[in-house]
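Enquirer: Below is the file run.txt, with compact mmCIF, C-alpha atoms.
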```
# COMPACT_ATOMS: atom_id res chain seq x y z
CA MET A 1 44.19 13.96 -6.47
CA SER A 2 47.94 13.37 -6.43
CA SER A 3 49.56 10.32 -8.00
CA LEU A 4 50.48 8.90 -4.56
CA ALA A 5 46.91 9.22 -3.30
CA ASN A 6 45.58 7.65 -6.49
CA THR A 7 48.02 4.72 -6.22
CA LEU A 8 47.14 4.08 -2.60
CA LEU A 9 43.43 4.17 -3.46
CA VAL A 10 43.88 1.58 -6.23
CA ILE A 11 45.87 -0.70 -3.89
CA GLN A 12 43.16 -0.36 -1.26
CA GLN A 13 40.40 -1.23 -3.75
CA GLU A 14 42.19 -4.29 -5.11
CA THR A 15 43.01 -5.49 -1.60
CA THR A 16 39.37 -5.11 -0.67
CA ARG A 17 38.21 -6.94 -3.78
CA TYR A 18 40.39 -10.03 -3.44
CA LEU A 19 41.76 -10.30 0.10
CA TYR A 20 38.55 -9.28 1.85
CA SER A 21 36.59 -11.78 -0.25
CA VAL A 22 38.90 -14.56 0.97
CA TYR A 23 38.56 -13.29 4.55
CA LEU A 24 34.78 -13.31 4.34
CA ILE A 25 34.42 -16.80 2.87
CA LEU A 26 37.03 -18.56 4.99
CA GLY A 27 36.12 -16.63 8.13
CA ILE A 28 32.37 -17.31 8.04
CA VAL A 29 32.81 -20.99 7.13
CA GLY A 30 35.48 -21.41 9.81
CA CYS A 31 33.48 -19.66 12.53
CA CYS A 32 30.40 -21.77 11.67
CA LEU A 33 32.53 -24.90 12.12
CA ASN A 34 33.77 -23.49 15.43
CA ILE A 35 30.17 -23.01 16.57
CA LEU A 36 29.28 -26.53 15.42
CA LEU A 37 32.11 -28.06 17.41
CA PHE A 38 31.93 -25.97 20.57
CA SER A 39 28.20 -26.73 20.75
CA GLN A 40 28.96 -30.44 21.07
CA ARG A 41 28.29 -32.13 24.40
CA HIS A 42 32.00 -32.86 24.95
CA TYR A 43 32.94 -29.18 24.90
CA ARG A 44 29.89 -27.84 26.73
CA THR A 45 31.42 -29.14 29.96
CA VAL A 46 34.56 -26.98 29.53
CA SER A 47 33.99 -23.41 30.71
CA CYS A 48 36.68 -21.97 28.46
CA CYS A 49 34.87 -23.30 25.38
CA THR A 50 31.82 -21.23 26.32
CA TYR A 51 33.92 -18.12 25.70
CA PHE A 52 35.25 -19.63 22.45
CA LEU A 53 31.66 -20.20 21.33
CA ALA A 54 30.64 -16.62 22.14
CA SER A 55 33.71 -15.19 20.41
CA SER A 56 33.01 -17.28 17.27
CA VAL A 57 29.48 -15.87 17.02
CA ALA A 58 30.80 -12.33 17.47
CA MET A 59 33.54 -12.93 14.88
CA ILE A 60 30.96 -13.79 12.22
CA ALA A 61 29.19 -10.50 12.88
CA ASN A 62 32.51 -8.64 12.92
CA LEU A 63 33.43 -10.01 9.49
CA GLY A 64 30.00 -9.11 8.14
CA PHE A 65 29.97 -5.53 9.44
CA GLY A 66 33.65 -4.93 8.71
CA ILE A 67 33.97 -6.46 5.24
CA GLY A 68 30.44 -6.53 3.78
CA PRO A 69 30.00 -2.74 3.25
CA SER A 70 33.53 -2.43 1.82
CA LEU A 71 32.85 -5.11 -0.81
CA TYR A 72 29.47 -3.58 -1.62
CA SER A 73 30.97 -0.12 -2.17
CA LEU A 74 33.36 -1.40 -4.87
CA ASN A 75 30.61 -1.47 -7.49
CA ASN A 76 27.95 0.67 -5.82
CA ILE A 77 27.58 3.95 -3.99
CA ASP A 78 29.23 3.67 -0.59
CA PRO A 79 26.41 3.76 2.02
CA ILE A 80 28.91 4.60 4.77
CA THR A 81 29.67 8.00 3.23
CA THR A 82 26.14 8.76 1.93
CA ILE A 83 23.69 7.50 4.55
CA LEU A 84 24.14 9.02 8.02
CA ALA A 85 22.24 6.28 9.87
CA PHE A 86 24.34 3.60 8.17
CA CYS A 87 27.53 5.49 9.03
CA LYS A 88 26.61 5.60 12.72
CA LEU A 89 25.23 2.06 12.99
CA ARG A 90 28.09 0.44 11.11
CA ILE A 91 30.71 1.97 13.42
CA TYR A 92 28.66 1.20 16.54
CA LEU A 93 27.83 -2.42 15.65
CA ASN A 94 31.34 -3.11 14.39
CA GLN A 95 32.83 -1.87 17.66
CA PHE A 96 30.27 -3.79 19.70
CA VAL A 97 30.96 -7.20 18.09
CA ALA A 98 34.73 -6.62 17.92
CA LEU A 99 34.92 -5.73 21.61
CA THR A 100 32.65 -8.66 22.46
CA TYR A 101 34.92 -11.29 20.90
CA ARG A 102 38.10 -9.64 22.23
CA TRP A 103 36.82 -9.51 25.79
CA SER A 104 35.41 -13.03 25.50
CA LEU A 105 38.96 -14.21 24.82
CA THR A 106 40.16 -12.06 27.72
CA ALA A 107 37.58 -13.71 30.00
CA ALA A 108 38.77 -17.10 28.73
CA CYS A 109 42.28 -16.23 29.88
CA ILE A 110 40.97 -15.34 33.35
CA ASP A 111 38.99 -18.59 33.36
CA ARG A 112 42.12 -20.65 32.64
CA LEU A 113 43.99 -18.69 35.31
CA ALA A 114 41.31 -19.58 37.84
CA LEU A 115 41.45 -23.25 36.85
CA SER A 116 45.24 -23.37 37.29
CA SER A 117 45.16 -21.61 40.68
CA SER A 118 45.91 -23.40 43.94
CA ASN A 119 43.16 -21.37 45.64
CA ALA A 120 40.04 -23.54 45.77
CA ARG A 121 37.71 -20.55 45.97
CA PHE A 122 39.26 -18.96 42.89
CA ARG A 123 39.06 -22.28 41.03
CA ASN A 124 35.30 -22.33 41.55
CA TYR A 125 35.01 -19.44 39.07
CA ALA A 126 36.05 -21.80 36.25
CA ARG A 127 32.52 -23.17 35.87
CA VAL A 128 30.27 -23.34 32.84
CA TYR A 129 27.34 -21.53 34.45
CA ILE A 130 29.63 -18.69 35.52
CA ALA A 131 31.07 -18.47 32.01
CA ARG A 132 27.57 -18.10 30.57
CA ARG A 133 26.77 -15.29 32.99
CA VAL A 134 30.05 -13.54 32.19
CA VAL A 135 29.26 -13.71 28.45
CA VAL A 136 25.90 -12.04 29.10
CA VAL A 137 27.64 -9.30 31.11
CA ILE A 138 30.21 -8.77 28.33
CA VAL A 139 27.44 -8.37 25.75
CA ILE A 140 25.53 -5.86 27.89
CA VAL A 141 28.62 -3.81 28.75
CA TRP A 142 29.77 -3.46 25.13
CA LEU A 143 26.26 -2.65 23.98
CA ILE A 144 26.32 0.37 26.28
CA LEU A 145 29.86 1.75 26.25
CA PRO A 146 30.28 2.45 22.50
CA VAL A 147 27.02 4.48 22.38
CA HIS A 148 29.07 7.67 21.93
CA THR A 149 29.73 6.63 18.31
CA LEU A 150 26.01 7.04 17.57
CA ILE A 151 26.25 10.62 18.83
CA PHE A 152 29.61 11.88 17.57
CA TYR A 153 29.95 10.28 14.14
CA ASN A 154 28.82 12.31 11.15
CA ILE A 155 29.34 12.60 7.40
CA ARG A 156 31.33 15.50 5.99
CA ALA A 157 33.03 15.76 2.60
CA SER A 158 32.14 12.12 1.78
CA THR A 159 33.86 10.94 4.97
CA CYS A 160 32.30 9.17 7.94
CA GLY A 161 34.06 10.40 11.08
CA ILE A 162 34.00 12.59 14.16
CA PHE A 163 33.91 16.30 13.29
CA SER A 164 32.21 17.73 16.39
CA GLY A 165 35.46 18.73 18.07
CA ILE A 166 38.88 17.63 19.22
CA ALA A 167 37.56 16.54 22.64
CA ALA A 168 35.13 14.01 21.13
CA ALA A 169 37.74 12.66 18.70
CA LEU A 170 40.31 12.39 21.49
CA TYR A 171 37.84 10.58 23.75
CA HIS A 172 37.04 8.07 20.99
CA SER A 173 40.73 7.48 20.24
CA ILE A 174 41.52 6.88 23.91
CA PHE A 175 38.46 4.66 24.32
CA ALA A 176 39.33 2.56 21.26
CA THR A 177 42.98 2.30 22.26
CA MET A 178 42.27 1.20 25.82
CA ALA A 179 39.20 -1.00 25.26
CA SER A 180 40.34 -2.70 22.04
CA CYS A 181 44.10 -2.90 22.46
CA VAL A 182 45.84 -1.98 25.70
CA LEU A 183 43.56 -3.50 28.35
CA PRO A 184 42.75 -6.87 26.69
CA THR A 185 46.31 -7.49 25.54
CA SER A 186 47.71 -6.58 28.97
CA ILE A 187 45.25 -8.89 30.75
CA MET A 188 45.92 -11.71 28.29
CA PHE A 189 49.67 -11.38 28.62
CA GLY A 190 49.52 -11.16 32.42
CA CYS A 191 47.22 -14.20 32.65
CA ALA A 192 49.55 -16.19 30.39
CA LEU A 193 52.51 -15.49 32.69
CA LEU A 194 50.52 -16.35 35.83
CA ILE A 195 49.14 -19.56 34.29
CA ARG A 196 52.65 -20.65 33.39
CA GLN A 197 53.78 -19.94 36.96
CA ASN A 198 50.81 -21.84 38.46
CA LEU A 199 51.43 -24.87 36.26
CA ALA A 200 55.12 -24.91 37.23
CA LEU A 201 54.15 -24.85 40.92
CA LYS A 202 51.69 -27.70 40.40
CA ARG A 203 54.36 -29.83 38.75
CA GLN A 204 56.71 -29.22 41.66
CA ARG A 205 54.07 -30.28 44.19
CA ARG A 206 53.22 -33.42 42.24
CA GLN A 207 56.81 -34.52 41.68
CA PRO A 208 57.44 -36.22 45.10
CA THR A 209 54.25 -38.32 44.81
CA ILE A 210 54.05 -38.89 41.09
CA ASN A 211 55.16 -42.53 41.40
CA LEU A 212 52.52 -43.24 44.04
CA GLN A 213 49.55 -41.92 42.10
CA VAL A 214 47.85 -43.83 39.31
CA GLU A 215 45.21 -42.34 37.10
CA ARG A 216 42.23 -44.69 37.43
CA ASP A 217 39.35 -42.41 36.61
CA GLU A 218 39.20 -42.33 32.82
CA ALA A 219 36.46 -39.71 32.69
CA HIS A 220 38.51 -37.35 34.83
CA HIS A 221 41.53 -37.98 32.63
CA ILE A 222 39.56 -37.13 29.47
CA HIS A 223 38.14 -33.98 31.05
CA ARG A 224 41.62 -32.85 32.14
CA SER A 225 42.93 -33.54 28.63
CA ARG A 226 40.24 -31.30 27.16
CA ASP A 227 41.16 -28.57 29.66
CA GLN A 228 44.80 -28.79 28.55
CA GLN A 229 43.83 -28.67 24.88
CA ALA A 230 41.63 -25.64 25.55
CA LEU A 231 44.61 -23.95 27.22
CA VAL A 232 46.79 -24.63 24.17
CA MET A 233 44.12 -23.21 21.84
CA LEU A 234 43.75 -20.16 24.07
CA PHE A 235 47.48 -19.43 24.12
CA THR A 236 47.61 -19.72 20.32
CA GLN A 237 44.70 -17.29 20.01
CA VAL A 238 46.30 -14.83 22.42
CA ILE A 239 49.65 -14.81 20.60
CA VAL A 240 48.06 -14.22 17.20
CA TYR A 241 45.67 -11.59 18.57
CA VAL A 242 48.44 -9.59 20.25
CA ILE A 243 50.47 -9.62 17.02
CA SER A 244 47.49 -8.61 14.88
CA VAL A 245 46.32 -5.80 17.17
CA ILE A 246 49.69 -4.00 17.37
CA PRO A 247 49.29 -2.04 14.07
CA LEU A 248 45.82 -0.85 15.08
CA MET A 249 47.06 0.17 18.53
CA VAL A 250 49.95 2.14 16.99
CA PHE A 251 47.54 3.92 14.64
CA TYR A 252 45.14 4.85 17.46
CA ILE A 253 48.01 6.28 19.51
CA TYR A 254 49.30 8.21 16.48
CA ASN A 255 45.80 9.53 15.72
CA ALA A 256 45.32 10.73 19.27
CA ALA A 257 48.72 12.47 19.22
CA THR A 258 48.07 14.30 15.92
CA LEU A 259 44.50 15.48 16.45
CA ASN A 260 45.67 19.08 17.04
CA ILE A 261 47.43 19.24 13.67
CA SER A 262 45.27 21.06 11.13
CA ASN A 263 45.65 21.68 7.40
CA LYS A 264 47.34 18.39 6.68
CA PRO A 265 48.48 17.95 3.07
CA ILE A 266 46.55 15.57 0.82
CA GLU A 267 49.46 13.11 0.65
CA ARG A 268 49.60 12.83 4.43
CA ILE A 269 45.85 12.32 4.73
CA SER A 270 46.00 9.63 2.05
CA ILE A 271 48.86 7.86 3.83
CA GLU A 272 47.02 8.00 7.16
CA ARG A 273 43.85 6.56 5.62
CA PHE A 274 45.84 3.82 3.91
CA ALA A 275 47.67 3.02 7.17
CA PHE A 276 44.35 2.71 9.00
CA PHE A 277 43.03 0.46 6.22
CA MET A 278 46.07 -1.83 6.45
CA ALA A 279 45.71 -1.97 10.24
CA GLU A 280 42.10 -3.12 9.73
CA VAL A 281 43.29 -5.72 7.20
CA VAL A 282 45.68 -7.15 9.79
CA ILE A 283 43.16 -7.16 12.66
CA LEU A 284 40.47 -8.79 10.50
CA LEU A 285 42.89 -11.60 9.76
CA PHE A 286 42.35 -12.82 13.32
CA PRO A 287 38.61 -13.65 13.10
CA ALA A 288 39.10 -14.97 9.56
CA SER A 289 41.74 -17.45 10.73
CA SER A 290 40.36 -18.48 14.13
CA PHE A 291 39.17 -21.89 12.91
CA PHE A 292 42.53 -22.70 11.38
CA LEU A 293 44.30 -21.64 14.57
CA TYR A 294 42.13 -24.02 16.59
CA THR A 295 42.71 -26.80 14.05
CA MET A 296 46.48 -26.41 13.98
CA SER A 297 46.95 -26.05 17.73
CA SER A 298 44.71 -28.84 19.08
CA ARG A 299 44.67 -32.52 18.16
CA THR A 300 41.49 -33.02 20.19
CA PHE A 301 39.78 -30.24 18.22
CA ARG A 302 40.68 -31.97 14.94
CA LYS A 303 39.38 -35.34 16.15
CA GLU A 304 36.12 -33.89 17.45
CA LEU A 305 35.63 -31.92 14.23
CA ILE A 306 36.09 -35.03 12.06
CA ARG A 307 33.71 -36.96 14.33
CA ALA A 308 31.05 -34.24 14.13
CA LEU A 309 31.28 -33.99 10.34
CA ARG A 310 31.07 -37.78 9.98
CA SER A 311 27.96 -37.91 12.15
CA ILE A 312 26.31 -35.19 10.04
CA PHE A 313 27.08 -36.96 6.76
CA LYS A 314 25.93 -40.29 8.22
CA CYS A 315 22.60 -38.79 9.28
CA ARG A 316 22.06 -37.31 5.83
CA ARG A 317 22.89 -40.62 4.20
CA LEU A 318 20.37 -42.42 6.39
CA ILE A 319 17.71 -39.85 5.61
CA ASN A 320 18.30 -40.18 1.86
CA THR A 321 18.23 -44.01 1.91
CA ASN A 322 15.09 -44.21 4.07
CA ARG A 323 13.15 -41.56 2.19
CA ILE A 324 9.81 -42.82 0.75
CA GLN A 325 9.77 -42.38 -3.03
CA PRO A 326 6.54 -41.01 -4.54
CA ILE A 327 4.60 -43.10 -7.05
CA THR A 328 4.77 -41.31 -10.37
CA ASN A 329 3.82 -44.10 -12.83
CA ASP A 330 0.08 -44.61 -13.46
CA GLU A 331 0.48 -48.31 -14.24
CA THR A 332 2.39 -48.85 -10.98
CA PHE A 333 -0.32 -47.01 -9.10
CA ARG A 334 -3.09 -49.16 -10.62
CA ARG A 335 -1.15 -52.35 -9.91
CA THR A 336 -0.68 -51.32 -6.30
CA VAL A 337 -4.40 -50.56 -5.88
CA ARG A 338 -5.32 -53.91 -7.48
CA ASP A 339 -2.99 -55.83 -5.19
CA LEU A 340 -4.42 -54.08 -2.15
CA SER A 341 -7.98 -54.90 -3.33
CA ILE A 342 -7.13 -58.58 -3.82
CA ALA A 343 -5.53 -58.76 -0.40
CA THR A 344 -8.59 -57.13 1.19
CA GLN A 345 -10.98 -59.54 -0.52
CA ALA A 346 -8.88 -62.54 0.54
CA ALA A 347 -8.92 -61.35 4.13
CA GLN A 348 -12.70 -60.89 4.05
CA SER A 349 -13.21 -64.35 2.50
CA HIS A 350 -11.00 -65.91 5.16
CA THR A 351 -13.04 -64.18 7.85
CA ARG A 352 -16.34 -65.50 6.40
CA ASP A 353 -14.97 -69.05 6.22
CA ASP A 354 -13.97 -68.84 9.86
CA GLU A 355 -17.46 -67.65 10.80
CA VAL A 356 -19.12 -70.49 8.84
CA ALA A 357 -16.82 -73.08 10.44
CA SER A 358 -17.59 -71.73 13.87
CA THR A 359 -21.32 -71.87 13.21
CA GLN A 360 -21.15 -75.50 12.03
CA ARG A 361 -19.26 -76.52 15.18
CA ASN A 362 -21.91 -74.92 17.32
```
Starting from the file, give its structure as structure tokens.
Expert:
Amino acid sequence: MSSLANTLLVIQQETTRYLYSVYLILGIVGCCLNILLFSQRHYRTVSCCTYFLASSVAMIANLGFGIGPSLYSLNNIDPITTILAFCKLRIYLNQFVALTYRWSLTAACIDRLALSSSNARFRNYARVYIARRVVVVIVIVWLILPVHTLIFYNIRASTCGIFSGIAAALYHSIFATMASCVLPTSIMFGCALLIRQNLALKRQRRQPTINLQVERDEAHHIHRSRDQQALVMLFTQVIVYVISVIPLMVFYIYNAATLNISNKPIERISIERFAFFMAEVVILLFPASSFFLYTMSSRTFRKELIRALRSIFKCRRLINTNRIQPITNDETFRRTVRDLSIATQAAQSHTRDDEVASTQRN
């Protein structure tokens, strides 16, 4: 192995050891807090938050499948390059959960576009029950479409990859490029432009009558505020996702363009593997930081999070203070039994006295 390849391998291992560990801890804790908050009653009435909840669940799985085996292989035999079933399942499941959270965010963009539309029929699609059905469809679709990875992936020369032919590798590269990068980012970007245009048109229509209208329905005002906060969180997620997915998209395009090149030198192969690893590092930053993006972009999210955590701690405090303590001292136990016996005898004596008095009266 050349010195360049060895250096890149060491950098990759150290990055995996330290940076991936931070990703895994912060990402799982953050996504669990996302699930806790988006499961609250206040957010269950916002259709966009249904997609946020689904994407948070998928992000936890994505971090586990993407980072867990890499950390395990640092001090153990890499199961990805030694066990064929693990090689196939890891790629398949990782693609399934990654595509699920990416297209959940894409569906959230379409949901916000429908809500901002002036077409009443289109606005009806921004409903919670429709969002739940769309999430089920997204899960089913991305369970089926990546099935080719279970067929084409194989292990050769301690490498998990596609070696069955250029056609299969080209199909996978095109599929990954379109499904993971080009289509979701294009839809997100297009929805963002259309939402901005719809909101500008709404402001223009409201301007002549803004002084005549007074907001009297507080519940409607709160619900509209949550919709606006959800839109801000969505735009923040879209911007960060588009930035993080660019390196992976560039690598997929490069890989598809260079599939016909054979007999690559070791240095080039090492650089390509390192470039793919760094692209994965960047894209995994998105699920690891989703909670912090929500927290920074939404004041309502921060308030609801603090309220939820306070309620949890308050419940635990009440449980601890009201918990019945077991009797562990023998003397205390005997005293308690004696007191109960005296009380029972006094009650019986009082009952007999009442019976005697009643008999005398009769």
Enquirer: Would you mind listing what lies within 7 Å of Asn94 (chain A) as a VMD selection string, with all atoms listed in the file counted and same-chain residues fewer than 4 positions away left out?
Expert: chain A and resid 62 65 to 66 90 98
Enquirer: Mind pulling up the distance from CA of Ser56 (chain A) to CA of Ile35 (chain A)?
Expert: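 Computing the Euclidean distance for CA of Ile35 (chain A) and CA of Ser56 (chain A) yields 6.4 Å.
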Enquirer: Which value, in Å to one decimal, gives the distance between CA of Ala279 (chain A) and CA of Cys181 (chain A)?
Expert: 12.4 Å
Enquirer: Please measure the separation of CA of Trp142 (chain A) and CA of Phe96 (chain A), giving the value in Å to one decimal.
Expert: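 We find that CA of Trp142 (chain A) and CA of Phe96 (chain A) lie 5.5 Å from each other.
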Enquirer: Excluding same-chain residues fewer than 2 positions from region 191-196 of chain A, what lies within 8 Å of it counting all atoms listed in the file, as an mmCIF file with C-alpha atoms, in the frame of the given file?
Expert:
```cif
data_model
loop_
_atom_site.group_PDB
_atom_site.id
_atom_site.type_symbol
_atom_site.label_atom_id
_atom_site.label_comp_id
_atom_site.auth_asym_id
_atom_site.auth_seq_id
_atom_site.Cartn_x
_atom_site.Cartn_y
_atom_site.Cartn_z
ATOM 1 C CA CYS A 109 42.280 -16.230 29.880
ATOM 2 C CA ILE A 110 40.970 -15.340 33.350
ATOM 3 C CA ARG A 112 42.120 -20.650 32.640
ATOM 4 C CA LEU A 113 43.990 -18.690 35.310
ATOM 5 C CA SER A 116 45.240 -23.370 37.290
ATOM 6 C CA SER A 117 45.160 -21.610 40.680
ATOM 7 C CA ILE A 187 45.250 -8.890 30.750
ATOM 8 C CA MET A 188 45.920 -11.710 28.290
ATOM 9 C CA PHE A 189 49.670 -11.380 28.620
ATOM 10 C CA ASN A 198 50.810 -21.840 38.460
ATOM 11 C CA LEU A 199 51.430 -24.870 36.260
ATOM 12 C CA ALA A 200 55.120 -24.910 37.230
ATOM 13 C CA PHE A 235 47.480 -19.430 24.120
#
```
Enquirer: Could you list, with a cut-off of 12 Å and counting all atoms listed in the file, the residues of region 16-126 of chain A near region 254-278 of chain A, each shown with its nearest atom pair and the distance in Å rounded to one decimal, rows sorted by chain and ascending number, as JSON lines?
Expert:
```
{"residue": "A:Thr16", "atom": "CA", "partner": "A:Phe277", "partner_atom": "CA", "distance": 9.6}
{"residue": "A:Leu19", "atom": "CA", "partner": "A:Met278", "partner_atom": "CA", "distance": 11.4}
{"residue": "A:Tyr20", "atom": "CA", "partner": "A:Met278", "partner_atom": "CA", "distance": 11.5}
{"residue": "A:Gly66", "atom": "CA", "partner": "A:Phe277", "partner_atom": "CA", "distance": 11.1}
{"residue": "A:Ile67", "atom": "CA", "partner": "A:Phe277", "partner_atom": "CA", "distance": 11.4}
{"residue": "A:Ser70", "atom": "CA", "partner": "A:Phe277", "partner_atom": "CA", "distance": 10.9}
```
Enquirer: Applying 10 Å and only C-alpha atoms, which residues near Val238 (chain A) remain after dropping the ones on its own chain fewer than 2 positions away? List them as a JSON list (two decimals) with C-alpha atoms, keeping the file's coordinate frame.
Expert:
```
[["chain", "number", "residue", "atom", "x", "y", "z"],
["A", 102, "ARG", "CA", 38.10, -9.64, 22.23],
["A", 105, "LEU", "CA", 38.96, -14.21, 24.82],
["A", 106, "THR", "CA", 40.16, -12.06, 27.72],
["A", 109, "CYS", "CA", 42.28, -16.23, 29.88],
["A", 184, "PRO", "CA", 42.75, -6.87, 26.69],
["A", 185, "THR", "CA", 46.31, -7.49, 25.54],
["A", 188, "MET", "CA", 45.92, -11.71, 28.29],
["A", 189, "PHE", "CA", 49.67, -11.38, 28.62],
["A", 192, "ALA", "CA", 49.55, -16.19, 30.39],
["A", 232, "VAL", "CA", 46.79, -24.63, 24.17],
["A", 233, "MET", "CA", 44.12, -23.21, 21.84],
["A", 234, "LEU", "CA", 43.75, -20.16, 24.07],
["A", 235, "PHE", "CA", 47.48, -19.43, 24.12],
["A", 236, "THR", "CA", 47.61, -19.72, 20.32],
["A", 240, "VAL", "CA", 48.06, -14.22, 17.20],
["A", 241, "TYR", "CA", 45.67, -11.59, 18.57],
["A", 242, "VAL", "CA", 48.44, -9.59, 20.25],
["A", 243, "ILE", "CA", 50.47, -9.62, 17.02],
["A", 244, "SER", "CA", 47.49, -8.61, 14.88]]
```
Enquirer: Given all atoms listed in the file as the basis, pick out the residue of A:Ile28, A:Asn154, A:Arg123, A:Ser47 nearest to Phe86 (chain A).
Expert: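 Of the candidates, the smallest distance to Phe86 (chain A) is held by A:Asn154.
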Enquirer: Considering all atoms listed in the file, state which residue in the set A:Phe291, A:Leu309, A:Ser173, A:Thr7 is at the smallest distance from Leu248 (chain A).
Expert: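 Looking only at the distances to Leu248 (chain A), the closest residue turns out to be A:Ser173.
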Enquirer: I need the residue nearest Ser311 (chain A) from this list: A:Gln40, A:Gln13, A:Gln228, A:Asn6. Use only C-alpha atoms for the distance.
Expert: A:Gln40
Enquirer: Using all atoms listed in the file, which residues sit within 8 Å of Pro146 (chain A) once same-chain residues fewer than 3 positions away are excluded, as a count of residues only?
Expert: 7
Enquirer: I need the residue nearest Asn34 (chain A) from this list: A:Tyr51, A:Phe152, A:Phe175, A:Tyr294. Use only C-alpha atoms for the distance.
Expert: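 Checking each candidate against Asn34 (chain A), we get A:Tyr294 as the closest.
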Enquirer: Nearest residue to Ile144 (chain A) out of A:Thr177, A:Gln229, A:Thr100, A:Asn124, using only C-alpha atoms?
Expert: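 Looking only at the distances to Ile144 (chain A), the closest residue turns out to be A:Thr100.
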Enquirer: Here is a test: counting all atoms listed in the file, which residue of A:Gln197, A:Ile91, A:Ser164, A:Pro69 is nearest to Val147 (chain A)?
Expert: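 Looking at the shortest contact to Val147 (chain A), the residue is A:Ile91.
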Enquirer: Centre and edge lengths, as lines of an AutoDock Vina configuration file, for the axis-aligned box enclosing every listed atom of region 126-143 of chain A with 3 Å of padding on each of the six sides, in Å to one decimal?
Expert:
```
center_x = 30.8
center_y = -13.0
center_z = 30.1
size_x = 16.5
size_y = 26.7
size_z = 18.3
```
Enquirer: Complete region 137-148 of chain A at the level of N, CA, C and O atoms, written as an mmCIF file, in the coordinates of the input.
Expert:
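Once written, part03.cif looks like this:
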```cif
data_model
loop_
_atom_site.group_PDB
_atom_site.id
_atom_site.type_symbol
_atom_site.label_atom_id
_atom_site.label_comp_id
_atom_site.auth_asym_id
_atom_site.auth_seq_id
_atom_site.Cartn_x
_atom_site.Cartn_y
_atom_site.Cartn_z
ATOM 1 N N VAL A 137 27.146 -10.585 30.612
ATOM 2 C CA VAL A 137 27.640 -9.300 31.110
ATOM 3 C C VAL A 137 28.492 -8.599 30.050
ATOM 4 O O VAL A 137 28.373 -7.377 29.831
ATOM 5 N N ILE A 138 29.368 -9.349 29.380
ATOM 6 C CA ILE A 138 30.210 -8.770 28.330
ATOM 7 C C ILE A 138 29.353 -8.164 27.232
ATOM 8 O O ILE A 138 29.609 -7.039 26.763
ATOM 9 N N VAL A 139 28.319 -8.877 26.813
ATOM 10 C CA VAL A 139 27.440 -8.370 25.750
ATOM 11 C C VAL A 139 26.746 -7.078 26.190
ATOM 12 O O VAL A 139 26.689 -6.091 25.439
ATOM 13 N N ILE A 140 26.236 -7.056 27.408
ATOM 14 C CA ILE A 140 25.530 -5.860 27.890
ATOM 15 C C ILE A 140 26.477 -4.675 28.008
ATOM 16 O O ILE A 140 26.140 -3.543 27.598
ATOM 17 N N VAL A 141 27.660 -4.901 28.552
ATOM 18 C CA VAL A 141 28.620 -3.810 28.750
ATOM 19 C C VAL A 141 29.004 -3.184 27.414
ATOM 20 O O VAL A 141 29.012 -1.949 27.253
ATOM 21 N N TRP A 142 29.303 -4.009 26.411
ATOM 22 C CA TRP A 142 29.770 -3.460 25.130
ATOM 23 C C TRP A 142 28.624 -3.039 24.224
ATOM 24 O O TRP A 142 28.867 -2.467 23.158
ATOM 25 N N LEU A 143 27.392 -3.299 24.640
ATOM 26 C CA LEU A 143 26.260 -2.650 23.980
ATOM 27 C C LEU A 143 26.101 -1.211 24.452
ATOM 28 O O LEU A 143 25.607 -0.352 23.707
ATOM 29 N N ILE A 144 26.533 -0.947 25.686
ATOM 30 C CA ILE A 144 26.320 0.370 26.280
ATOM 31 C C ILE A 144 27.502 1.319 26.022
ATOM 32 O O ILE A 144 27.304 2.474 25.612
ATOM 33 N N LEU A 145 28.721 0.836 26.263
ATOM 34 C CA LEU A 145 29.860 1.750 26.250
ATOM 35 C C LEU A 145 30.151 2.417 24.901
ATOM 36 O O LEU A 145 30.559 3.580 24.882
ATOM 37 N N PRO A 146 29.992 1.747 23.759
ATOM 38 C CA PRO A 146 30.280 2.450 22.500
ATOM 39 C C PRO A 146 29.151 3.348 21.994
ATOM 40 O O PRO A 146 29.174 3.769 20.826
ATOM 41 N N VAL A 147 28.171 3.675 22.831
ATOM 42 C CA VAL A 147 27.020 4.480 22.380
ATOM 43 C C VAL A 147 27.464 5.852 21.887
ATOM 44 O O VAL A 147 26.780 6.476 21.067
ATOM 45 N N HIS A 148 28.614 6.340 22.356
ATOM 46 C CA HIS A 148 29.070 7.670 21.930
ATOM 47 C C HIS A 148 29.281 7.746 20.423
ATOM 48 O O HIS A 148 29.212 8.830 19.838
#
```
